[in-house]
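Written below as structure tokens is the structure these notes are about.
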Amino acid sequence: MEIQGNCRSTDRHQTLGMMTNLFDGEATVLGVVEDVSLGGMCVSNIPASFEDKTEVCLSIVTGPRRDFHLALQPRWVQTTNRGMYKIIGFSIQDPPSDWKKFIETLVEGQADRDPFYAMVTPTDTEM
């Protein structure tokens with residue numbers, strides 16, 4: 001799977017300190033959530049052994065106030081660190097209501113008013 005151009009239609013929000021456990025049907029790996037949107041996320045530091053050609057993988061994202069259980073579909077992959085790790089862009093299949101509420105707080109600028117949300121900041125939609 002190769003990197004495709006930025007196809008996101010919603011704003012990305014850079015994250016700091018968010019992690020995810022990804023299950024590809026065979027094994028669970030840990031990744032770093034780099035940015036999020038209503039319909040997707042970018043995850044880095046995924047071990048090369050993670051099967052990125054799986055149709056849907058399961059994820060538990062550790063958020064600032066709660067964990068989110070998401071079904072993800074890999075959209076693009078980039079290898080890093082001489083092939084030891086991957087960065088994967090995922091789309092979220094049927095985002096749950098708690099995820100939607102979390103993203104709404106980012107869009108509404110909750111991060112500016114709540115120090116606990118200061119770990120998350122908006123970024124440009126272009127790479």
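Chain labels run A, B, ... following the order of the structure tokens; each chain numbers its residues from 1, and ligands are numbered from 1 in the order shown.
Proximity to A:Arg66 at 10 Å, evaluated using only C-alpha atoms and with sequence-adjacent residues fewer than 5 positions away removed, yields A:Val61, A:Asp98, A:Trp99, A:Phe102.
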Which residues are near stretch 37-46 of chain A? Cut-off 8 Å, only C-alpha atoms, ignore same chain within fewer than 4 positions. Put them as a ChimeraX atom specification. /A:10-13,29-33,50,85-93,95,99-100,103
So what do you get for atom CA of A:Met19 versus atom CA of A:Gly63, distance-wise? 7.7 Å
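Checking A:Leu106, A:Val77, A:Leu70, A:Leu16 one by one against A:Cys57, counting only C-alpha atoms, you find the shortest gap at A:Leu70.
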Give me the residues within 10 Å of A:Met84 as a tab-separated table (two decimals) with N, CA and C atoms, in the first residue's frame, counting only C-alpha atoms and dropping any in the same chain fewer than 4 places off.
```tsv
chain	number	residue	atom	x	y	z
A	45	ASN	N	4.89	5.00	14.53
A	45	ASN	CA	5.64	4.05	15.36
A	45	ASN	C	4.97	2.68	15.43
A	46	ILE	N	4.31	2.28	14.37
A	46	ILE	CA	3.69	0.97	14.29
A	46	ILE	C	4.76	-0.02	13.82
A	47	PRO	N	5.00	-1.11	14.54
A	47	PRO	CA	6.01	-2.07	14.11
A	47	PRO	C	5.72	-2.60	12.70
A	48	ALA	N	6.78	-2.87	11.95
A	48	ALA	CA	6.66	-3.33	10.57
A	48	ALA	C	5.85	-4.63	10.46
A	49	SER	N	5.80	-5.40	11.52
A	49	SER	CA	5.07	-6.67	11.49
A	49	SER	C	3.55	-6.50	11.42
A	79	THR	N	6.66	3.56	5.25
A	79	THR	CA	7.64	2.91	6.12
A	79	THR	C	8.63	3.95	6.62
A	80	THR	N	9.12	3.74	7.86
A	80	THR	CA	10.07	4.66	8.47
A	80	THR	C	11.17	3.86	9.15
```
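The two atoms in question, atom CA of A:Ile60 and atom CA of A:Glu108, are spaced 24.1 Å apart.
Counting only C-alpha atoms and comparing A:Val107, A:Leu22, A:Asp35, A:Gln78, the residue that lies closest to A:Leu58 is A:Leu22.
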